[in-house]
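S.K.: File name query18.txt; file contents compact mmCIF, C-alpha atoms; full text below.
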```
# COMPACT_ATOMS: atom_id res chain seq x y z
CA MET A 1 -65.82 13.39 -39.79
CA HIS A 2 -66.76 9.71 -39.69
CA ALA A 3 -68.57 10.24 -36.40
CA GLN A 4 -70.61 13.04 -37.94
CA ARG A 5 -71.52 10.84 -40.90
CA ASP A 6 -72.51 8.01 -38.56
CA ASP A 7 -74.74 10.35 -36.58
CA TRP A 8 -76.30 11.67 -39.78
CA LEU A 9 -77.00 8.18 -41.16
CA ALA A 10 -78.44 7.09 -37.81
CA GLU A 11 -80.74 10.11 -37.79
CA LEU A 12 -81.86 9.30 -41.34
CA MET A 13 -82.58 5.72 -40.26
CA HIS A 14 -84.74 6.91 -37.38
CA ARG A 15 -86.62 9.22 -39.74
CA VAL A 16 -87.10 6.40 -42.25
CA ALA A 17 -88.57 4.32 -39.42
CA ARG A 18 -91.20 7.08 -39.15
CA SER A 19 -91.95 6.70 -42.89
CA ASP A 20 -90.09 9.88 -43.86
CA ARG A 21 -89.70 9.60 -47.65
CA ASP A 22 -87.27 12.51 -47.91
CA ALA A 23 -84.96 10.87 -45.37
CA PHE A 24 -85.23 7.62 -47.33
CA ALA A 25 -84.17 9.40 -50.53
CA GLN A 26 -81.20 10.97 -48.73
CA LEU A 27 -80.20 7.61 -47.26
CA TYR A 28 -80.33 6.02 -50.71
CA ARG A 29 -78.17 8.72 -52.29
CA ALA A 30 -75.64 8.48 -49.46
CA THR A 31 -75.26 4.70 -49.32
CA SER A 32 -76.47 3.06 -52.55
CA ALA A 33 -73.13 3.25 -54.41
CA THR A 34 -71.29 1.54 -51.54
CA LEU A 35 -73.92 -1.18 -51.15
CA PHE A 36 -74.10 -1.76 -54.91
CA GLY A 37 -70.34 -2.30 -55.04
CA PHE A 38 -70.61 -4.70 -52.12
CA VAL A 39 -73.37 -6.73 -53.83
CA LEU A 40 -71.31 -6.91 -57.04
CA ARG A 41 -68.47 -8.56 -55.13
CA ILE A 42 -70.84 -11.43 -54.30
CA ASN A 43 -73.06 -11.49 -57.39
CA ARG A 44 -71.14 -10.39 -60.49
CA ASP A 45 -74.27 -10.22 -62.66
CA ARG A 46 -74.84 -6.45 -62.85
CA ALA A 47 -78.52 -6.72 -63.79
CA LEU A 48 -79.22 -9.03 -60.87
CA ALA A 49 -77.15 -6.82 -58.58
CA GLU A 50 -79.37 -3.89 -59.51
CA ASP A 51 -82.44 -5.95 -58.62
CA VAL A 52 -80.84 -6.92 -55.32
CA LEU A 53 -80.17 -3.26 -54.56
CA GLN A 54 -83.87 -2.53 -54.93
CA GLU A 55 -84.67 -5.41 -52.59
CA ILE A 56 -82.20 -4.07 -50.06
CA TYR A 57 -83.81 -0.66 -49.86
CA LEU A 58 -87.28 -2.16 -49.79
CA SER A 59 -86.14 -4.14 -46.76
CA VAL A 60 -84.64 -0.99 -45.25
CA TRP A 61 -87.93 0.86 -45.66
CA ARG A 62 -89.83 -1.97 -43.99
CA GLN A 63 -87.31 -2.81 -41.25
CA ALA A 64 -85.85 0.59 -40.36
CA ALA A 65 -87.55 0.50 -36.96
CA ALA A 66 -85.37 -2.52 -36.08
CA PHE A 67 -82.19 -0.44 -36.34
CA ASP A 68 -80.64 0.28 -32.94
CA ARG A 69 -77.73 2.72 -32.81
CA ASP A 70 -76.54 1.16 -29.55
CA GLN A 71 -76.02 -2.16 -31.34
CA GLY A 72 -73.84 -0.82 -34.16
CA GLN A 73 -73.36 1.74 -36.91
CA ALA A 74 -76.03 2.36 -39.55
CA MET A 75 -73.68 1.44 -42.41
CA ALA A 76 -72.81 -1.88 -40.79
CA TRP A 77 -76.54 -2.59 -40.37
CA LEU A 78 -77.19 -1.77 -44.03
CA THR A 79 -74.24 -3.92 -45.13
CA ALA A 80 -75.62 -6.88 -43.19
CA ILE A 81 -78.93 -6.58 -45.06
CA ALA A 82 -77.04 -6.30 -48.35
CA ARG A 83 -75.01 -9.42 -47.57
CA HIS A 84 -78.10 -11.52 -46.84
CA ARG A 85 -79.93 -10.25 -49.92
CA ALA A 86 -76.93 -10.88 -52.16
CA ILE A 87 -76.55 -14.44 -50.86
CA ASP A 88 -80.28 -15.06 -51.37
CA SER A 89 -79.96 -13.86 -54.96
CA MET A 90 -77.17 -16.38 -55.56
CA ARG A 91 -79.37 -19.16 -54.21
CA ARG A 92 -82.28 -18.15 -56.42
CA LYS A 93 -80.03 -17.95 -59.47
CA ALA A 94 -78.55 -21.38 -58.73
CA ALA A 95 -82.06 -22.85 -58.59
CA GLN A 96 -83.15 -21.42 -61.96
CA PRO A 97 -83.05 -23.67 -65.06
CA VAL A 98 -80.48 -22.80 -67.71
CA THR A 99 -82.01 -21.64 -71.03
CA ILE A 100 -80.43 -21.14 -74.44
CA SER A 101 -81.18 -18.24 -76.78
CA ARG A 102 -81.07 -18.91 -80.54
CA PHE A 103 -81.96 -17.17 -83.81
CA GLY A 104 -84.12 -20.16 -84.79
CA GLY A 105 -87.08 -18.10 -85.94
CA LEU A 106 -85.13 -15.83 -88.29
CA GLU A 107 -84.69 -16.72 -91.95
CA GLY A 108 -81.05 -17.22 -92.89
CA TYR A 109 -79.97 -18.30 -89.41
CA ALA A 110 -79.75 -21.62 -87.60
CA GLY A 111 -83.12 -23.30 -87.49
CA ASP A 112 -83.88 -22.53 -91.14
CA PRO A 113 -83.36 -25.83 -93.05
CA ALA A 114 -82.42 -23.91 -96.21
CA SER A 115 -79.73 -21.91 -94.45
CA HIS A 116 -76.06 -22.77 -94.70
CA GLU A 117 -75.07 -20.04 -92.27
CA PRO A 118 -73.38 -21.26 -89.09
CA ASP A 119 -75.09 -20.87 -85.76
CA LEU A 120 -73.02 -18.04 -84.28
CA LEU A 121 -74.26 -18.61 -80.74
CA ALA A 122 -73.25 -22.26 -80.80
CA GLY A 123 -69.61 -21.30 -81.24
CA LEU A 124 -69.46 -18.76 -78.46
CA PRO A 125 -68.32 -19.96 -75.04
CA SER A 126 -70.55 -18.88 -72.19
CA ASP A 127 -69.05 -16.20 -69.97
CA THR A 128 -71.50 -16.90 -67.14
CA PRO A 129 -70.96 -19.49 -64.39
CA GLY A 130 -72.82 -22.75 -64.75
CA PRO A 131 -75.37 -24.03 -62.24
CA LEU A 132 -72.84 -26.18 -60.37
CA GLN A 133 -70.48 -23.25 -59.96
CA LEU A 134 -73.36 -21.04 -58.85
CA LEU A 135 -74.39 -23.63 -56.29
CA ASP A 136 -70.81 -23.84 -55.08
CA ASP A 137 -70.58 -20.03 -54.90
CA ALA A 138 -73.85 -19.86 -53.00
CA SER A 139 -72.66 -22.52 -50.55
CA ARG A 140 -69.44 -20.63 -49.94
CA ALA A 141 -71.31 -17.34 -49.56
CA HIS A 142 -73.60 -19.01 -47.02
CA ALA A 143 -70.57 -20.36 -45.18
CA LEU A 144 -69.05 -16.88 -45.10
CA ALA A 145 -72.26 -15.40 -43.67
CA HIS A 146 -72.38 -18.18 -41.05
CA CYS A 147 -68.75 -17.60 -40.07
CA MET A 148 -69.24 -13.83 -39.88
CA ASP A 149 -72.21 -14.35 -37.57
CA ARG A 150 -69.97 -16.34 -35.19
CA LEU A 151 -67.64 -13.38 -34.64
CA SER A 152 -68.11 -10.88 -31.86
CA GLY A 153 -69.92 -7.68 -32.74
CA GLU A 154 -66.70 -5.68 -32.51
CA GLN A 155 -64.80 -8.11 -34.75
CA ARG A 156 -67.62 -8.21 -37.28
CA SER A 157 -67.94 -4.41 -37.43
CA SER A 158 -64.18 -3.81 -37.71
CA LEU A 159 -63.82 -6.38 -40.50
CA ALA A 160 -66.81 -4.97 -42.35
CA LEU A 161 -65.35 -1.48 -42.22
CA ALA A 162 -61.84 -2.60 -43.16
CA TYR A 163 -62.67 -5.02 -45.98
CA TYR A 164 -66.17 -4.16 -47.21
CA GLN A 165 -65.75 -0.39 -47.07
CA GLY A 166 -61.97 -0.26 -47.58
CA LEU A 167 -61.08 1.81 -44.51
CA SER A 168 -57.58 1.73 -43.04
CA HIS A 169 -57.09 0.51 -39.47
CA ALA A 170 -56.68 4.11 -38.33
CA GLU A 171 -59.93 5.10 -40.06
CA VAL A 172 -61.72 2.13 -38.53
CA ALA A 173 -60.44 3.17 -35.09
CA GLU A 174 -61.73 6.70 -35.64
CA HIS A 175 -65.01 5.40 -37.03
CA MET A 176 -65.60 3.15 -34.01
CA SER A 177 -64.12 5.62 -31.49
CA GLN A 178 -61.68 2.99 -30.22
CA PRO A 179 -57.87 2.88 -29.73
CA LEU A 180 -55.92 1.82 -32.80
CA GLY A 181 -54.34 -1.14 -30.97
CA THR A 182 -57.76 -2.44 -29.94
CA VAL A 183 -59.07 -2.27 -33.49
CA LYS A 184 -55.98 -4.03 -34.86
CA SER A 185 -56.52 -6.79 -32.30
CA TRP A 186 -60.19 -7.14 -33.30
CA VAL A 187 -59.26 -7.35 -36.97
CA ARG A 188 -56.42 -9.84 -36.39
CA ARG A 189 -58.44 -12.15 -34.12
CA GLY A 190 -61.50 -11.79 -36.33
CA LEU A 191 -59.50 -12.84 -39.39
CA GLN A 192 -58.02 -15.79 -37.52
CA SER A 193 -61.45 -16.98 -36.40
CA LEU A 194 -62.92 -16.37 -39.84
CA ARG A 195 -60.12 -18.29 -41.55
CA SER A 196 -60.49 -21.28 -39.21
CA CYS A 197 -64.26 -21.33 -39.65
CA LEU A 198 -64.00 -21.08 -43.46
CA ASP A 199 -61.36 -23.83 -43.56
CA ARG A 200 -63.74 -26.14 -41.73
CA ALA A 201 -66.58 -25.14 -44.06
CA THR A 202 -64.38 -25.81 -47.11
CA GLU A 203 -63.53 -29.27 -45.78
CA ARG A 204 -67.23 -30.02 -45.32
CA LEU A 205 -68.03 -28.79 -48.85
CA GLY A 206 -65.22 -30.90 -50.25
CA ALA A 207 -66.45 -33.98 -48.41
CA PHE A 208 -69.99 -33.32 -49.65
CA GLY A 209 -68.75 -33.02 -53.24
CA LYS A 210 -66.90 -36.36 -53.04
CA ALA A 211 -69.91 -38.05 -51.49
CA SER A 212 -72.20 -36.80 -54.26
```
Take the structure I supplied and represent it as structure tokens, if you would.
M.R.:
Amino acid sequence: MHAQRDDWLAELMHRVARSDRDAFAQLYRATSATLFGFVLRINRDRALAEDVLQEIYLSVWRQAAAFDRDQGQAMAWLTAIARHRAIDSMRRKAAQPVTISRFGGLEGYAGDPASHEPDLLAGLPSDTPGPLQLLDDASRAHALAHCMDRLSGEQRSSLALAYYQGLSHAEVAEHMSQPLGTVKSWVRRGLQSLRSCLDRATERLGAFGKAS
């Protein structure tokens, strides 16, 4: 079943590369929910995540010809684009100035000298991360992307299927047409390499924070 879906997505990708709009619509319907959920794990701002999703499929439309079935599955290729776009969105958000919304122009609210009403917004804690946290999140997301890129193609694909798409080891093995033991080994060694790489990145980020 997974193999049939992979073949179908790959065929859609090849048709999209030939500017087939119907294939593009089918690809969007088949994959957008999964990619949107993936983006939300990195960027929890739903509105921004929706914008990122549009950017992803714009990139897919433009870059579909670069997809090579021999180099990996279509869903893994789409997830890689989603990861880079989501990380870029975090960087852009971290670079934006923080603004404050007030009811200053409305009579009877804060900003009106004759008003004795409290400024309701002033008493509400912000539920969004501040710029320093966003910068830290973006740095960690960049470190994750860097560490993922250092894995072998098999390790990267198996981890993406197991943790980004939530497949079991048996499903990953079926999806990749590989023995279960081989897939488990890829996942285990990939996690070990990823953990070591992220530990080193965390140490560098910590050292940078102390130096600043």
S.K.: To box range 51-70 of chain A, take all atoms listed in the file, fit an axis-aligned box, add 3 Å on each side, and give centre and edge lengths in Å to one decimal, as AutoDock Vina command-line options.
M.R.:
```
--center_x -83.2 --center_y -2.1 --center_z -44.1 --size_x 19.3 --size_y 15.6 --size_z 35.1
```
S.K.: Given the choices A:Trp77, A:Thr31, A:His84, A:Met13, which gets closest to Trp61 in chain A if the distance is worked out from only C-alpha atoms?
M.R.: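 Distance minimum relative to Trp61 in chain A lands on A:Met13.
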S.K.: Rank A:Val183, A:Leu78, A:Leu40, A:Met176 by their smallest atom-to-atom distance to Ser59 in chain A, using all atoms listed in the file, and report the top residue only.
M.R.: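 Nearest candidate to Ser59 in chain A out of A:Val183, A:Leu78, A:Leu40, A:Met176: A:Leu78.
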S.K.: Return the single residue from A:Gly190, A:Gly181, A:Ala64, A:Arg18 that is closest to Leu159 in chain A, with distances computed using only C-alpha atoms.
M.R.: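 Among A:Gly190, A:Gly181, A:Ala64, A:Arg18, it is A:Gly190 that comes nearest to Leu159 in chain A.
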S.K.: Just the number, please: distance in Å from CA of Ala47 in chain A to CA of Ile81 in chain A, one decimal.
M.R.: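 Atom-to-atom, CA of Ala47 in chain A and CA of Ile81 in chain A are spaced 18.7 Å apart.
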S.K.: Taking into account only C-alpha atoms, which residue in the set A:Arg5, A:Ala25, A:Ser158, A:Arg41 is nearest to Gln178 in chain A?
M.R.: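 Smallest distance to Gln178 in chain A is found for A:Ser158.
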S.K.: Find, counting only C-alpha atoms, the residue in A:Trp186, A:Tyr163, A:Phe67, A:Phe36 that gets nearest to Leu9 in chain A.
M.R.: A:Phe67
S.K.: Under the rule that all atoms listed in the file are counted, which of A:Ala10, A:Ala49, A:Ala86, A:Val39 is the nearest residue to Ala66 in chain A?
M.R.: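 Among A:Ala10, A:Ala49, A:Ala86, A:Val39, it is A:Ala10 that comes nearest to Ala66 in chain A.
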S.K.: Distance CA of Ile56 in chain A-CA of Ser177 in chain A, one decimal place?
M.R.: 27.7 Å
S.K.: Please provide as a short mmCIF file (atom, residue, chain, number, x, y, z; two decimals) with C-alpha atoms, in the coordinates of the input all residues within 12 Å of range 140-156 of chain A, with the sequence filter that same-chain residues fewer than 6 positions apart are discarded (counting only C-alpha atoms).
M.R.:
```cif
data_model
loop_
_atom_site.label_atom_id
_atom_site.label_comp_id
_atom_site.auth_asym_id
_atom_site.auth_seq_id
_atom_site.Cartn_x
_atom_site.Cartn_y
_atom_site.Cartn_z
CA VAL A 39 -73.37 -6.73 -53.83
CA ARG A 41 -68.47 -8.56 -55.13
CA ILE A 42 -70.84 -11.43 -54.30
CA ASN A 43 -73.06 -11.49 -57.39
CA ASP A 70 -76.54 1.16 -29.55
CA GLN A 71 -76.02 -2.16 -31.34
CA GLY A 72 -73.84 -0.82 -34.16
CA GLN A 73 -73.36 1.74 -36.91
CA ALA A 76 -72.81 -1.88 -40.79
CA TRP A 77 -76.54 -2.59 -40.37
CA THR A 79 -74.24 -3.92 -45.13
CA ALA A 80 -75.62 -6.88 -43.19
CA ILE A 81 -78.93 -6.58 -45.06
CA ALA A 82 -77.04 -6.30 -48.35
CA ARG A 83 -75.01 -9.42 -47.57
CA HIS A 84 -78.10 -11.52 -46.84
CA ARG A 85 -79.93 -10.25 -49.92
CA ALA A 86 -76.93 -10.88 -52.16
CA ILE A 87 -76.55 -14.44 -50.86
CA ASP A 88 -80.28 -15.06 -51.37
CA SER A 89 -79.96 -13.86 -54.96
CA MET A 90 -77.17 -16.38 -55.56
CA ARG A 91 -79.37 -19.16 -54.21
CA GLN A 133 -70.48 -23.25 -59.96
CA LEU A 134 -73.36 -21.04 -58.85
CA ALA A 162 -61.84 -2.60 -43.16
CA TYR A 163 -62.67 -5.02 -45.98
CA TYR A 164 -66.17 -4.16 -47.21
CA VAL A 172 -61.72 2.13 -38.53
CA ALA A 173 -60.44 3.17 -35.09
CA MET A 176 -65.60 3.15 -34.01
CA SER A 177 -64.12 5.62 -31.49
CA GLN A 178 -61.68 2.99 -30.22
CA THR A 182 -57.76 -2.44 -29.94
CA VAL A 183 -59.07 -2.27 -33.49
CA LYS A 184 -55.98 -4.03 -34.86
CA SER A 185 -56.52 -6.79 -32.30
CA TRP A 186 -60.19 -7.14 -33.30
CA VAL A 187 -59.26 -7.35 -36.97
CA ARG A 188 -56.42 -9.84 -36.39
CA ARG A 189 -58.44 -12.15 -34.12
CA GLY A 190 -61.50 -11.79 -36.33
CA LEU A 191 -59.50 -12.84 -39.39
CA GLN A 192 -58.02 -15.79 -37.52
CA SER A 193 -61.45 -16.98 -36.40
CA LEU A 194 -62.92 -16.37 -39.84
CA ARG A 195 -60.12 -18.29 -41.55
CA SER A 196 -60.49 -21.28 -39.21
CA CYS A 197 -64.26 -21.33 -39.65
CA LEU A 198 -64.00 -21.08 -43.46
CA ASP A 199 -61.36 -23.83 -43.56
CA ARG A 200 -63.74 -26.14 -41.73
CA ALA A 201 -66.58 -25.14 -44.06
CA THR A 202 -64.38 -25.81 -47.11
CA GLU A 203 -63.53 -29.27 -45.78
CA ARG A 204 -67.23 -30.02 -45.32
CA LEU A 205 -68.03 -28.79 -48.85
CA GLY A 206 -65.22 -30.90 -50.25
#
```
S.K.: Report, in Å to a single decimal, how far apart CA of Asp7 in chain A and CA of Pro179 in chain A are.
M.R.: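 CA of Pro179 in chain A sits 19.7 Å away from CA of Asp7 in chain A.
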S.K.: Please check which residues have atoms at most 9 Å from (-88.6, 5.0, -41.8) in the file's coordinates, counting only C-alpha atoms, and write them as a list of chain:residue names.
M.R.: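 Here the neighbourhood of the point contains A:Leu12, A:Met13, A:His14, A:Arg15, A:Val16, A:Ala17, A:Arg18, A:Ser19, A:Asp20, A:Arg21, A:Ala23, A:Phe24, A:Val60, A:Trp61, A:Arg62, A:Gln63, A:Ala64, A:Ala65.
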S.K.: Kindly add N, CA, C and O atoms to the incomplete range 150-175 of chain A and provide the output as a tab-separated table (two decimals), in the coordinates of the input.
M.R.:
```
chain	number	residue	atom	x	y	z
A	150	ARG	N	-70.59	-15.75	-36.38
A	150	ARG	CA	-69.97	-16.34	-35.19
A	150	ARG	C	-68.95	-15.41	-34.53
A	150	ARG	O	-68.50	-15.68	-33.42
A	151	LEU	N	-68.58	-14.33	-35.22
A	151	LEU	CA	-67.64	-13.38	-34.64
A	151	LEU	C	-68.33	-12.49	-33.62
A	151	LEU	O	-69.56	-12.37	-33.61
A	152	SER	N	-67.54	-11.86	-32.78
A	152	SER	CA	-68.11	-10.88	-31.86
A	152	SER	C	-68.57	-9.66	-32.65
A	152	SER	O	-68.14	-9.44	-33.79
A	153	GLY	N	-69.43	-8.87	-32.06
A	153	GLY	CA	-69.92	-7.68	-32.74
A	153	GLY	C	-68.81	-6.73	-33.12
A	153	GLY	O	-68.80	-6.14	-34.21
A	154	GLU	N	-67.81	-6.57	-32.22
A	154	GLU	CA	-66.70	-5.68	-32.51
A	154	GLU	C	-65.85	-6.20	-33.67
A	154	GLU	O	-65.42	-5.45	-34.55
A	155	GLN	N	-65.58	-7.52	-33.67
A	155	GLN	CA	-64.80	-8.11	-34.75
A	155	GLN	C	-65.53	-7.98	-36.08
A	155	GLN	O	-64.94	-7.63	-37.10
A	156	ARG	N	-66.83	-8.27	-36.06
A	156	ARG	CA	-67.62	-8.21	-37.28
A	156	ARG	C	-67.66	-6.78	-37.85
A	156	ARG	O	-67.49	-6.57	-39.05
A	157	SER	N	-67.87	-5.81	-36.97
A	157	SER	CA	-67.94	-4.41	-37.43
A	157	SER	C	-66.60	-3.93	-37.97
A	157	SER	O	-66.54	-3.27	-39.01
A	158	SER	N	-65.51	-4.26	-37.27
A	158	SER	CA	-64.18	-3.81	-37.71
A	158	SER	C	-63.80	-4.44	-39.04
A	158	SER	O	-63.23	-3.78	-39.92
A	159	LEU	N	-64.11	-5.73	-39.23
A	159	LEU	CA	-63.82	-6.38	-40.50
A	159	LEU	C	-64.67	-5.81	-41.63
A	159	LEU	O	-64.19	-5.63	-42.76
A	160	ALA	N	-65.93	-5.54	-41.33
A	160	ALA	CA	-66.81	-4.97	-42.35
A	160	ALA	C	-66.30	-3.62	-42.81
A	160	ALA	O	-66.28	-3.30	-44.01
A	161	LEU	N	-65.86	-2.81	-41.87
A	161	LEU	CA	-65.35	-1.48	-42.22
A	161	LEU	C	-64.03	-1.57	-42.98
A	161	LEU	O	-63.80	-0.83	-43.93
A	162	ALA	N	-63.16	-2.51	-42.56
A	162	ALA	CA	-61.84	-2.60	-43.16
A	162	ALA	C	-61.88	-3.24	-44.55
A	162	ALA	O	-61.17	-2.80	-45.46
A	163	TYR	N	-62.72	-4.27	-44.73
A	163	TYR	CA	-62.67	-5.02	-45.98
A	163	TYR	C	-63.85	-4.76	-46.90
A	163	TYR	O	-63.72	-4.85	-48.12
A	164	TYR	N	-65.03	-4.46	-46.36
A	164	TYR	CA	-66.17	-4.16	-47.21
A	164	TYR	C	-66.18	-2.70	-47.65
A	164	TYR	O	-66.60	-2.37	-48.74
A	165	GLN	N	-65.73	-1.80	-46.74
A	165	GLN	CA	-65.75	-0.39	-47.07
A	165	GLN	C	-64.35	0.17	-47.35
A	165	GLN	O	-64.21	1.33	-47.70
A	166	GLY	N	-63.32	-0.66	-47.19
A	166	GLY	CA	-61.97	-0.26	-47.58
A	166	GLY	C	-61.30	0.76	-46.69
A	166	GLY	O	-60.39	1.47	-47.14
A	167	LEU	N	-61.70	0.84	-45.41
A	167	LEU	CA	-61.08	1.81	-44.51
A	167	LEU	C	-59.76	1.25	-43.97
A	167	LEU	O	-59.59	0.05	-43.81
A	168	SER	N	-58.82	2.14	-43.69
A	168	SER	CA	-57.58	1.73	-43.04
A	168	SER	C	-57.86	1.44	-41.57
A	168	SER	O	-58.92	1.79	-41.04
A	169	HIS	N	-56.90	0.80	-40.89
A	169	HIS	CA	-57.09	0.51	-39.47
A	169	HIS	C	-57.29	1.80	-38.67
A	169	HIS	O	-58.11	1.84	-37.74
A	170	ALA	N	-56.54	2.84	-39.04
A	170	ALA	CA	-56.68	4.11	-38.33
A	170	ALA	C	-58.07	4.71	-38.55
A	170	ALA	O	-58.68	5.26	-37.63
A	171	GLU	N	-58.58	4.59	-39.77
A	171	GLU	CA	-59.93	5.10	-40.06
A	171	GLU	C	-61.00	4.28	-39.34
A	171	GLU	O	-61.99	4.84	-38.87
A	172	VAL	N	-60.78	2.97	-39.27
A	172	VAL	CA	-61.72	2.13	-38.53
A	172	VAL	C	-61.74	2.52	-37.06
A	172	VAL	O	-62.80	2.61	-36.43
A	173	ALA	N	-60.54	2.77	-36.49
A	173	ALA	CA	-60.44	3.17	-35.09
A	173	ALA	C	-61.18	4.48	-34.85
A	173	ALA	O	-61.93	4.63	-33.87
A	174	GLU	N	-61.02	5.42	-35.77
A	174	GLU	CA	-61.73	6.70	-35.64
A	174	GLU	C	-63.23	6.50	-35.80
A	174	GLU	O	-64.02	7.08	-35.06
A	175	HIS	N	-63.60	5.67	-36.76
A	175	HIS	CA	-65.01	5.40	-37.03
A	175	HIS	C	-65.70	4.78	-35.82
A	175	HIS	O	-66.85	5.12	-35.51
```
